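Chemist: Contents of query.csv (CSV, N, CA and C atoms) are below:
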```csv
chain,number,residue,atom,x,y,z
Z,53,MET,N,242.8,34.3,159.7
Z,53,MET,CA,242.3,35.5,160.4
Z,53,MET,C,241.8,35.2,161.8
Z,54,GLU,N,242.3,35.9,162.7
Z,54,GLU,CA,242.0,35.7,164.1
Z,54,GLU,C,240.6,36.3,164.4
Z,55,GLY,N,239.8,35.6,165.2
Z,55,GLY,CA,238.4,36.1,165.5
Z,55,GLY,C,237.4,36.0,164.4
Z,56,THR,N,237.8,35.2,163.4
Z,56,THR,CA,236.8,35.0,162.3
Z,56,THR,C,236.7,33.5,162.0
Z,57,VAL,N,235.7,33.2,161.3
Z,57,VAL,CA,235.5,31.8,160.8
Z,57,VAL,C,235.0,31.9,159.3
Z,58,PHE,N,235.4,30.9,158.6
Z,58,PHE,CA,235.0,30.8,157.2
Z,58,PHE,C,233.6,30.2,157.1
Z,59,ASP,N,232.7,31.0,156.5
Z,59,ASP,CA,231.3,30.5,156.3
Z,59,ASP,C,231.3,29.9,154.9
Z,60,PRO,N,231.1,28.6,154.8
Z,60,PRO,CA,231.1,27.9,153.5
Z,60,PRO,C,229.9,28.3,152.6
Z,61,LEU,N,228.8,28.8,153.3
Z,61,LEU,CA,227.7,29.2,152.5
Z,61,LEU,C,227.8,30.6,151.9
Z,62,ARG,N,228.3,31.5,152.7
Z,62,ARG,CA,228.6,32.9,152.2
Z,62,ARG,C,229.9,33.0,151.5
Z,63,LYS,N,230.7,31.9,151.6
Z,63,LYS,CA,232.0,31.8,151.0
Z,63,LYS,C,232.9,33.0,151.4
Z,64,LYS,N,232.9,33.3,152.7
Z,64,LYS,CA,233.8,34.4,153.2
Z,64,LYS,C,234.0,34.2,154.7
Z,65,HIS,N,235.0,34.9,155.2
Z,65,HIS,CA,235.3,34.9,156.6
Z,65,HIS,C,234.3,35.9,157.3
Z,66,VAL,N,233.8,35.5,158.4
Z,66,VAL,CA,232.9,36.4,159.2
Z,66,VAL,C,233.3,36.4,160.6
Z,67,SER,N,232.9,37.4,161.4
Z,67,SER,CA,233.3,37.5,162.8
Z,67,SER,C,232.8,36.3,163.6
Z,68,LEU,N,233.6,35.7,164.4
Z,68,LEU,CA,233.3,34.5,165.2
Z,68,LEU,C,232.6,35.0,166.5
Z,69,THR,N,231.3,35.4,166.4
Z,69,THR,CA,230.5,35.7,167.5
Z,69,THR,C,230.0,34.4,168.1
Z,70,PRO,N,229.5,34.4,169.3
Z,70,PRO,CA,228.8,33.2,169.9
Z,70,PRO,C,227.7,32.7,169.0
Z,71,GLU,N,226.9,33.6,168.5
Z,71,GLU,CA,225.8,33.2,167.6
Z,71,GLU,C,226.4,32.6,166.3
Z,72,GLU,N,227.4,33.2,165.7
Z,72,GLU,CA,228.0,32.6,164.5
Z,72,GLU,C,228.6,31.2,164.8
Z,73,GLN,N,229.2,31.0,165.9
Z,73,GLN,CA,229.7,29.7,166.3
Z,73,GLN,C,228.6,28.7,166.2
Z,74,VAL,N,227.4,29.0,166.8
Z,74,VAL,CA,226.2,28.1,166.8
Z,74,VAL,C,225.8,27.9,165.3
Z,75,ARG,N,225.7,28.9,164.5
Z,75,ARG,CA,225.3,28.8,163.1
Z,75,ARG,C,226.3,27.9,162.3
Z,76,GLN,N,227.6,28.1,162.5
Z,76,GLN,CA,228.5,27.3,161.8
Z,76,GLN,C,228.5,25.8,162.2
Z,77,HIS,N,228.3,25.6,163.5
Z,77,HIS,CA,228.1,24.2,164.0
Z,77,HIS,C,226.9,23.6,163.3
Z,78,PHE,N,225.8,24.3,163.3
Z,78,PHE,CA,224.5,23.7,162.8
Z,78,PHE,C,224.6,23.5,161.2
Z,79,ILE,N,225.3,24.4,160.5
Z,79,ILE,CA,225.5,24.2,159.1
Z,79,ILE,C,226.3,22.9,158.9
Z,80,HIS,N,227.3,22.7,159.7
Z,80,HIS,CA,228.1,21.5,159.6
Z,80,HIS,C,227.3,20.2,159.9
Z,81,TRP,N,226.5,20.3,161.0
Z,81,TRP,CA,225.6,19.2,161.4
Z,81,TRP,C,224.6,18.8,160.3
Z,82,LEU,N,223.9,19.9,159.7
Z,82,LEU,CA,223.0,19.6,158.6
Z,82,LEU,C,223.7,18.9,157.4
Z,83,ASN,N,224.9,19.4,157.1
Z,83,ASN,CA,225.6,18.8,156.0
Z,83,ASN,C,226.1,17.4,156.3
Z,84,VAL,N,226.7,17.1,157.4
Z,84,VAL,CA,227.3,15.9,157.7
Z,84,VAL,C,226.3,14.8,158.2
Z,85,GLU,N,225.5,15.2,159.2
Z,85,GLU,CA,224.6,14.3,159.8
Z,85,GLU,C,223.2,14.1,159.1
Z,86,ARG,N,222.8,15.1,158.4
Z,86,ARG,CA,221.5,15.0,157.7
Z,86,ARG,C,221.6,15.1,156.2
Z,87,GLY,N,222.8,15.2,155.7
Z,87,GLY,CA,223.0,15.1,154.2
Z,87,GLY,C,222.6,16.2,153.4
Z,88,TYR,N,222.4,17.4,154.0
Z,88,TYR,CA,222.0,18.6,153.1
Z,88,TYR,C,223.3,19.1,152.5
Z,89,PRO,N,223.3,19.1,151.1
Z,89,PRO,CA,224.5,19.6,150.5
Z,89,PRO,C,224.7,21.1,150.8
Z,90,LEU,N,225.9,21.6,150.9
Z,90,LEU,CA,226.2,23.0,151.2
Z,90,LEU,C,225.6,23.9,150.1
Z,91,GLN,N,225.6,23.4,148.8
Z,91,GLN,CA,225.0,24.2,147.8
Z,91,GLN,C,223.5,24.4,147.9
Z,92,LEU,N,222.8,23.6,148.8
Z,92,LEU,CA,221.4,23.7,149.0
Z,92,LEU,C,221.1,24.3,150.3
Z,93,MET,N,222.0,25.1,150.8
Z,93,MET,CA,221.8,25.9,152.1
Z,93,MET,C,222.2,27.3,151.8
Z,94,ALA,N,221.6,28.2,152.6
Z,94,ALA,CA,222.0,29.6,152.6
Z,94,ALA,C,222.0,30.1,154.0
Z,95,SER,N,223.0,31.0,154.3
Z,95,SER,CA,223.0,31.6,155.6
Z,95,SER,C,222.8,33.1,155.4
Z,96,GLU,N,222.1,33.7,156.4
Z,96,GLU,CA,221.8,35.1,156.3
Z,96,GLU,C,220.9,35.4,155.0
Z,97,TYR,N,219.9,34.5,154.8
Z,97,TYR,CA,219.0,34.5,153.7
Z,97,TYR,C,218.0,35.6,153.8
Z,98,THR,N,218.0,36.6,152.9
Z,98,THR,CA,217.2,37.7,153.0
Z,98,THR,C,215.8,37.5,152.5
Z,99,ILE,N,214.8,37.9,153.3
Z,99,ILE,CA,213.4,37.8,152.9
Z,99,ILE,C,212.7,39.1,153.2
Z,100,LYS,N,211.6,39.4,152.5
Z,100,LYS,CA,210.8,40.6,152.7
Z,100,LYS,C,209.5,40.2,153.3
Z,101,LEU,N,209.2,40.9,154.4
Z,101,LEU,CA,207.9,40.7,155.1
Z,101,LEU,C,207.2,42.0,155.2
Z,102,GLY,N,206.3,42.3,154.3
Z,102,GLY,CA,205.7,43.6,154.2
Z,102,GLY,C,206.7,44.5,153.6
Z,103,SER,N,207.0,45.6,154.2
Z,103,SER,CA,208.0,46.6,153.7
Z,103,SER,C,209.4,46.4,154.4
Z,104,LYS,N,209.5,45.4,155.3
Z,104,LYS,CA,210.7,45.2,156.0
Z,104,LYS,C,211.5,44.0,155.5
Z,105,SER,N,212.8,44.1,155.6
Z,105,SER,CA,213.7,43.0,155.2
Z,105,SER,C,214.2,42.3,156.5
Z,106,PHE,N,214.3,41.0,156.4
Z,106,PHE,CA,214.8,40.2,157.5
Z,106,PHE,C,215.8,39.2,156.9
Z,107,ARG,N,216.6,38.6,157.8
Z,107,ARG,CA,217.6,37.6,157.4
Z,107,ARG,C,217.4,36.4,158.2
Z,108,CYS,N,217.1,35.3,157.6
Z,108,CYS,CA,217.0,34.0,158.2
Z,108,CYS,C,218.5,33.5,158.4
Z,109,ASP,N,218.8,32.9,159.6
Z,109,ASP,CA,220.1,32.5,159.8
Z,109,ASP,C,220.5,31.4,158.9
Z,110,ILE,N,219.7,30.3,158.7
Z,110,ILE,CA,220.0,29.3,157.8
Z,110,ILE,C,218.7,28.9,157.1
Z,111,VAL,N,218.7,28.7,155.8
Z,111,VAL,CA,217.6,28.1,155.1
Z,111,VAL,C,218.2,26.9,154.3
Z,112,ALA,N,217.5,25.7,154.4
Z,112,ALA,CA,217.9,24.6,153.6
Z,112,ALA,C,216.8,24.3,152.6
Z,113,PHE,N,217.3,24.0,151.4
Z,113,PHE,CA,216.4,23.8,150.3
Z,113,PHE,C,216.4,22.3,149.8
Z,114,ASP,N,215.3,22.0,149.1
Z,114,ASP,CA,215.3,20.7,148.4
Z,114,ASP,C,216.0,20.8,147.1
Z,115,ASN,N,216.0,19.7,146.3
Z,115,ASN,CA,216.7,19.7,145.0
Z,115,ASN,C,216.0,20.6,144.0
Z,116,ASN,N,214.8,21.0,144.2
Z,116,ASN,CA,214.1,21.9,143.3
Z,116,ASN,C,214.2,23.4,143.8
Z,117,LEU,N,215.1,23.6,144.8
Z,117,LEU,CA,215.3,24.9,145.4
Z,117,LEU,C,214.1,25.5,146.1
Z,118,LYS,N,213.2,24.6,146.6
Z,118,LYS,CA,212.1,25.0,147.5
Z,118,LYS,C,212.6,24.9,148.9
Z,119,PRO,N,212.4,26.0,149.7
Z,119,PRO,CA,212.8,26.0,151.1
Z,119,PRO,C,212.2,24.9,151.9
Z,120,GLN,N,213.0,24.2,152.7
Z,120,GLN,CA,212.5,23.1,153.5
Z,120,GLN,C,212.6,23.3,155.0
Z,121,ILE,N,213.7,24.0,155.4
Z,121,ILE,CA,214.0,24.3,156.8
Z,121,ILE,C,214.4,25.7,157.0
Z,122,ILE,N,213.9,26.3,158.1
Z,122,ILE,CA,214.4,27.6,158.5
Z,122,ILE,C,215.0,27.3,159.9
Z,123,VAL,N,216.3,27.8,160.1
Z,123,VAL,CA,216.9,27.6,161.4
Z,123,VAL,C,217.3,29.0,161.9
Z,124,GLU,N,216.8,29.3,163.1
Z,124,GLU,CA,217.1,30.5,163.8
Z,124,GLU,C,218.1,30.2,164.9
Z,125,CYS,N,219.3,30.8,164.8
Z,125,CYS,CA,220.4,30.5,165.8
Z,125,CYS,C,220.5,31.7,166.8
Z,126,LYS,N,220.8,31.3,168.0
Z,126,LYS,CA,221.0,32.3,169.1
Z,126,LYS,C,222.3,31.9,169.8
Z,127,ALA,N,222.9,32.9,170.4
Z,127,ALA,CA,224.1,32.6,171.3
Z,127,ALA,C,223.7,31.7,172.4
Z,128,PRO,N,224.6,30.9,172.9
Z,128,PRO,CA,224.3,29.9,174.0
Z,128,PRO,C,223.6,30.5,175.2
Z,129,GLN,N,223.9,31.8,175.5
Z,129,GLN,CA,223.3,32.3,176.7
Z,129,GLN,C,221.9,32.8,176.5
Z,130,VAL,N,221.4,32.8,175.2
Z,130,VAL,CA,220.1,33.3,174.9
Z,130,VAL,C,219.1,32.1,175.1
Z,131,LYS,N,218.1,32.3,176.0
Z,131,LYS,CA,217.2,31.3,176.2
Z,131,LYS,C,216.2,31.1,175.0
Z,132,LEU,N,215.9,29.9,174.7
Z,132,LEU,CA,214.9,29.7,173.6
Z,132,LEU,C,213.5,29.9,174.2
Z,133,SER,N,212.8,30.9,173.6
Z,133,SER,CA,211.6,31.3,174.2
Z,133,SER,C,210.5,31.4,173.1
Z,134,ASN,N,209.3,31.7,173.5
Z,134,ASN,CA,208.2,32.0,172.6
Z,134,ASN,C,208.6,33.1,171.6
Z,135,THR,N,209.3,34.1,172.1
Z,135,THR,CA,209.7,35.2,171.3
Z,135,THR,C,210.6,34.7,170.1
Z,136,VAL,N,211.6,33.8,170.4
Z,136,VAL,CA,212.5,33.3,169.4
Z,136,VAL,C,211.6,32.4,168.4
Z,137,LEU,N,210.7,31.6,168.9
Z,137,LEU,CA,209.9,30.8,168.1
Z,137,LEU,C,209.0,31.7,167.2
Z,138,GLN,N,208.5,32.8,167.7
Z,138,GLN,CA,207.7,33.7,166.9
Z,138,GLN,C,208.5,34.3,165.8
Z,139,GLN,N,209.8,34.6,166.1
Z,139,GLN,CA,210.6,35.1,165.0
Z,139,GLN,C,210.7,34.2,163.8
Z,140,VAL,N,210.9,32.9,164.1
Z,140,VAL,CA,211.0,32.0,162.9
Z,140,VAL,C,209.6,31.7,162.3
Z,141,LEU,N,208.6,31.8,163.1
Z,141,LEU,CA,207.2,31.7,162.5
Z,141,LEU,C,206.9,32.9,161.6
Z,142,ASN,N,207.4,34.0,162.0
Z,142,ASN,CA,207.2,35.2,161.1
Z,142,ASN,C,207.9,35.0,159.8
Z,143,TYR,N,209.1,34.5,159.8
Z,143,TYR,CA,209.9,34.2,158.6
Z,143,TYR,C,209.1,33.2,157.7
Z,144,ASN,N,208.5,32.3,158.4
Z,144,ASN,CA,207.8,31.3,157.7
Z,144,ASN,C,206.5,31.8,157.0
Z,145,LEU,N,206.0,32.9,157.4
Z,145,LEU,CA,204.9,33.5,156.6
Z,145,LEU,C,205.3,33.8,155.2
Z,146,VAL,N,206.6,34.0,154.9
Z,146,VAL,CA,207.1,34.2,153.6
Z,146,VAL,C,207.5,32.9,152.9
Z,147,LEU,N,208.3,32.0,153.7
Z,147,LEU,CA,208.9,30.9,153.0
Z,147,LEU,C,208.1,29.6,153.0
Z,148,LYS,N,207.2,29.5,154.0
Z,148,LYS,CA,206.2,28.3,154.1
Z,148,LYS,C,207.0,27.0,154.0
Z,149,VAL,N,207.9,26.7,155.0
Z,149,VAL,CA,208.6,25.5,155.0
Z,149,VAL,C,208.0,24.5,155.9
Z,150,PRO,N,208.3,23.2,155.7
Z,150,PRO,CA,207.7,22.1,156.5
Z,150,PRO,C,208.4,22.0,157.9
Z,151,HIS,N,209.6,22.5,158.0
Z,151,HIS,CA,210.4,22.3,159.3
Z,151,HIS,C,211.0,23.6,159.8
Z,152,LEU,N,210.8,23.9,161.1
Z,152,LEU,CA,211.3,25.1,161.7
Z,152,LEU,C,212.2,24.7,162.9
Z,153,VAL,N,213.3,25.4,163.0
Z,153,VAL,CA,214.3,25.0,164.1
Z,153,VAL,C,214.7,26.3,164.8
Z,154,ILE,N,214.8,26.2,166.1
Z,154,ILE,CA,215.5,27.3,166.9
Z,154,ILE,C,216.5,26.6,167.7
Z,155,THR,N,217.7,27.2,167.8
Z,155,THR,CA,218.8,26.6,168.6
Z,155,THR,C,219.7,27.6,169.2
Z,156,ASN,N,220.2,27.3,170.3
Z,156,ASN,CA,221.3,28.1,170.9
Z,156,ASN,C,222.6,27.3,171.1
Z,157,GLY,N,222.6,26.2,170.4
Z,157,GLY,CA,223.8,25.3,170.5
Z,157,GLY,C,223.8,24.4,171.7
Z,158,GLU,N,223.0,24.7,172.7
Z,158,GLU,CA,222.9,23.9,173.9
Z,158,GLU,C,221.5,23.2,173.9
Z,159,SER,N,220.5,23.9,173.4
Z,159,SER,CA,219.2,23.4,173.2
Z,159,SER,C,218.7,23.6,171.8
Z,160,THR,N,217.9,22.7,171.3
Z,160,THR,CA,217.4,22.8,170.0
Z,160,THR,C,215.9,22.4,170.0
Z,161,CYS,N,215.1,23.2,169.4
Z,161,CYS,CA,213.7,22.9,169.3
Z,161,CYS,C,213.3,22.8,167.8
Z,162,VAL,N,212.6,21.7,167.4
Z,162,VAL,CA,212.2,21.4,166.1
Z,162,VAL,C,210.7,21.4,166.0
Z,163,CYS,N,210.1,22.0,165.0
Z,163,CYS,CA,208.7,21.9,164.8
Z,163,CYS,C,208.5,21.5,163.3
Z,164,SER,N,207.6,20.5,163.1
Z,164,SER,CA,207.4,20.1,161.7
Z,164,SER,C,205.9,20.2,161.5
Z,165,TYR,N,205.5,20.5,160.2
Z,165,TYR,CA,204.2,20.7,159.8
Z,165,TYR,C,203.4,19.4,159.7
Z,166,ASN,N,202.3,19.2,160.4
Z,166,ASN,CA,201.5,18.0,160.4
Z,166,ASN,C,200.3,18.4,159.4
Z,167,SER,N,200.4,17.9,158.2
Z,167,SER,CA,199.4,18.2,157.2
Z,167,SER,C,198.0,17.7,157.5
Z,168,LEU,N,198.0,16.5,158.3
Z,168,LEU,CA,196.7,16.0,158.7
Z,168,LEU,C,196.0,16.9,159.7
Z,169,MET,N,196.8,17.5,160.6
Z,169,MET,CA,196.2,18.3,161.6
Z,169,MET,C,196.2,19.8,161.2
Z,170,GLY,N,196.9,20.1,160.1
Z,170,GLY,CA,197.0,21.5,159.6
Z,170,GLY,C,197.7,22.5,160.6
Z,171,ARG,N,198.7,22.0,161.2
Z,171,ARG,CA,199.5,22.8,162.2
Z,171,ARG,C,200.9,22.3,162.4
Z,172,TYR,N,201.7,23.1,163.0
Z,172,TYR,CA,203.1,22.8,163.3
Z,172,TYR,C,203.0,22.1,164.7
Z,173,GLU,N,203.8,21.1,164.8
Z,173,GLU,CA,203.9,20.3,166.1
Z,173,GLU,C,205.4,20.1,166.4
Z,174,PHE,N,205.7,20.0,167.7
Z,174,PHE,CA,207.1,19.8,168.1
Z,174,PHE,C,207.5,18.4,167.6
Z,175,ALA,N,208.7,18.3,167.1
Z,175,ALA,CA,209.2,17.1,166.5
Z,175,ALA,C,210.5,16.6,167.2
Z,176,GLN,N,210.8,15.4,167.1
Z,176,GLN,CA,212.0,14.9,167.7
Z,176,GLN,C,213.3,15.1,167.0
Z,177,ASP,N,213.2,15.3,165.6
Z,177,ASP,CA,214.4,15.4,164.8
Z,177,ASP,C,214.1,16.1,163.5
Z,178,ILE,N,215.2,16.4,162.8
Z,178,ILE,CA,215.1,17.0,161.5
Z,178,ILE,C,215.3,15.8,160.4
Z,179,PRO,N,214.4,15.8,159.4
Z,179,PRO,CA,214.6,14.7,158.5
Z,179,PRO,C,215.9,14.8,157.6
Z,180,HIS,N,216.4,13.7,157.1
Z,180,HIS,CA,217.5,13.7,156.3
Z,180,HIS,C,217.1,14.3,154.9
Z,181,HIS,N,218.1,14.9,154.3
Z,181,HIS,CA,217.9,15.4,152.9
Z,181,HIS,C,217.5,14.3,152.0
Z,182,SER,N,216.5,14.5,151.2
Z,182,SER,CA,216.1,13.5,150.2
Z,182,SER,C,216.7,13.9,148.8
Z,183,SER,N,217.4,12.9,148.2
Z,183,SER,CA,218.0,13.2,146.9
Z,183,SER,C,217.0,13.1,145.8
Z,184,LYS,N,215.8,12.8,146.1
Z,184,LYS,CA,214.7,12.7,145.0
Z,184,LYS,C,214.4,14.0,144.4
```
Take the structure in this file and express it as structure tokens.
Modeler:
Amino acid sequence: MEGTVFDPLRKKHVSLTPEEQVRQHFIHWLNVERGYPLQLMASEYTIKLGSKSFRCDIVAFDNNLKPQIIVECKAPQVKLSNTVLQQVLNYNLVLKVPHLVITNGESTCVCSYNSLMGRYEFAQDIPHHSSK
């Protein structure tokens, strides 16, 4: 199909928008470079915040199906800003994950929860999937 890409998480072809290209690249990177199995990731993961429904671009889970990472993907021309970070922080009010990521394919920002400080802090990288 022209103008589409197969999403291995949704198991269907989807329109190949600039944002979708970033999402598919990041899914592949999480799988290959960080060892997250495809079956422990979801794209367009629906959550409810109050009376509204939202969709997280990518959520990665541990082996007990506890969410570990929320990834918010933007098209390359979209600047990563406090507004984008706030979007993923809002999703995290529901999922309460230890790692938050925002990316536009050209820049990526990672925040990890520091339990000693009781807050999220900017991090250098995303941890590898633990098979424990």
Chemist: From a DSSP pass on the backbone, collect the residues of chain Z flagged as alpha helix (DSSP H) and hand them back as a short mmCIF file (atom, residue, chain, number, x, y, z; two decimals) with N, CA and C atoms, in the coordinates of the input.
Modeler:
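Dumped to result23.cif:
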```cif
data_model
loop_
_atom_site.label_atom_id
_atom_site.label_comp_id
_atom_site.auth_asym_id
_atom_site.auth_seq_id
_atom_site.Cartn_x
_atom_site.Cartn_y
_atom_site.Cartn_z
N PRO Z 70 229.50 34.40 169.30
CA PRO Z 70 228.80 33.20 169.90
C PRO Z 70 227.70 32.70 169.00
N GLU Z 71 226.90 33.60 168.50
CA GLU Z 71 225.80 33.20 167.60
C GLU Z 71 226.40 32.60 166.30
N GLU Z 72 227.40 33.20 165.70
CA GLU Z 72 228.00 32.60 164.50
C GLU Z 72 228.60 31.20 164.80
N GLN Z 73 229.20 31.00 165.90
CA GLN Z 73 229.70 29.70 166.30
C GLN Z 73 228.60 28.70 166.20
N VAL Z 74 227.40 29.00 166.80
CA VAL Z 74 226.20 28.10 166.80
C VAL Z 74 225.80 27.90 165.30
N ARG Z 75 225.70 28.90 164.50
CA ARG Z 75 225.30 28.80 163.10
C ARG Z 75 226.30 27.90 162.30
N GLN Z 76 227.60 28.10 162.50
CA GLN Z 76 228.50 27.30 161.80
C GLN Z 76 228.50 25.80 162.20
N HIS Z 77 228.30 25.60 163.50
CA HIS Z 77 228.10 24.20 164.00
C HIS Z 77 226.90 23.60 163.30
N PHE Z 78 225.80 24.30 163.30
CA PHE Z 78 224.50 23.70 162.80
C PHE Z 78 224.60 23.50 161.20
N ILE Z 79 225.30 24.40 160.50
CA ILE Z 79 225.50 24.20 159.10
C ILE Z 79 226.30 22.90 158.90
N HIS Z 80 227.30 22.70 159.70
CA HIS Z 80 228.10 21.50 159.60
C HIS Z 80 227.30 20.20 159.90
N TRP Z 81 226.50 20.30 161.00
CA TRP Z 81 225.60 19.20 161.40
C TRP Z 81 224.60 18.80 160.30
N LEU Z 82 223.90 19.90 159.70
CA LEU Z 82 223.00 19.60 158.60
C LEU Z 82 223.70 18.90 157.40
N ASN Z 83 224.90 19.40 157.10
CA ASN Z 83 225.60 18.80 156.00
C ASN Z 83 226.10 17.40 156.30
N VAL Z 84 226.70 17.10 157.40
CA VAL Z 84 227.30 15.90 157.70
C VAL Z 84 226.30 14.80 158.20
N GLU Z 85 225.50 15.20 159.20
CA GLU Z 85 224.60 14.30 159.80
C GLU Z 85 223.20 14.10 159.10
N ARG Z 86 222.80 15.10 158.40
CA ARG Z 86 221.50 15.00 157.70
C ARG Z 86 221.60 15.10 156.20
N ASN Z 134 209.30 31.70 173.50
CA ASN Z 134 208.20 32.00 172.60
C ASN Z 134 208.60 33.10 171.60
N THR Z 135 209.30 34.10 172.10
CA THR Z 135 209.70 35.20 171.30
C THR Z 135 210.60 34.70 170.10
N VAL Z 136 211.60 33.80 170.40
CA VAL Z 136 212.50 33.30 169.40
C VAL Z 136 211.60 32.40 168.40
N LEU Z 137 210.70 31.60 168.90
CA LEU Z 137 209.90 30.80 168.10
C LEU Z 137 209.00 31.70 167.20
N GLN Z 138 208.50 32.80 167.70
CA GLN Z 138 207.70 33.70 166.90
C GLN Z 138 208.50 34.30 165.80
N GLN Z 139 209.80 34.60 166.10
CA GLN Z 139 210.60 35.10 165.00
C GLN Z 139 210.70 34.20 163.80
N VAL Z 140 210.90 32.90 164.10
CA VAL Z 140 211.00 32.00 162.90
C VAL Z 140 209.60 31.70 162.30
N LEU Z 141 208.60 31.80 163.10
CA LEU Z 141 207.20 31.70 162.50
C LEU Z 141 206.90 32.90 161.60
N ASN Z 142 207.40 34.00 162.00
CA ASN Z 142 207.20 35.20 161.10
C ASN Z 142 207.90 35.00 159.80
N TYR Z 143 209.10 34.50 159.80
CA TYR Z 143 209.90 34.20 158.60
C TYR Z 143 209.10 33.20 157.70
N ASN Z 144 208.50 32.30 158.40
CA ASN Z 144 207.80 31.30 157.70
C ASN Z 144 206.50 31.80 157.00
N LEU Z 145 206.00 32.90 157.40
CA LEU Z 145 204.90 33.50 156.60
C LEU Z 145 205.30 33.80 155.20
N VAL Z 146 206.60 34.00 154.90
CA VAL Z 146 207.10 34.20 153.60
C VAL Z 146 207.50 32.90 152.90
N LEU Z 147 208.30 32.00 153.70
CA LEU Z 147 208.90 30.90 153.00
C LEU Z 147 208.10 29.60 153.00
#
```
Chemist: So, counting only N, CA and C atoms, which residue among Z:Tyr165, Z:Lys126, Z:Met93, Z:Val66 is closest to Asp114 in chain Z?
Modeler: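 Of all the options, Z:Met93 lies closest to Asp114 in chain Z.
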Chemist: Hey, can you check how far CA of Ala127 in chain Z sits from CA of Glu71 in chain Z?
Modeler: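 These two atoms are separated by 4.1 Å.
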Chemist: As an exercise, work out the distance from CA of Asn116 in chain Z to CA of Glu72 in chain Z in Å and give it to one decimal place.
Modeler: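 CA of Glu72 in chain Z lies 27.5 Å from CA of Asn116 in chain Z.
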Chemist: Taking the backbone alone, and naming residues the way the document does, which bits of chain Z are strand (DSSP E or B) by DSSP, as a ChimeraX atom specification?
Modeler: /Z:56-59,64-67,93-101,104-113,119-125,151-155,160-166,171-175
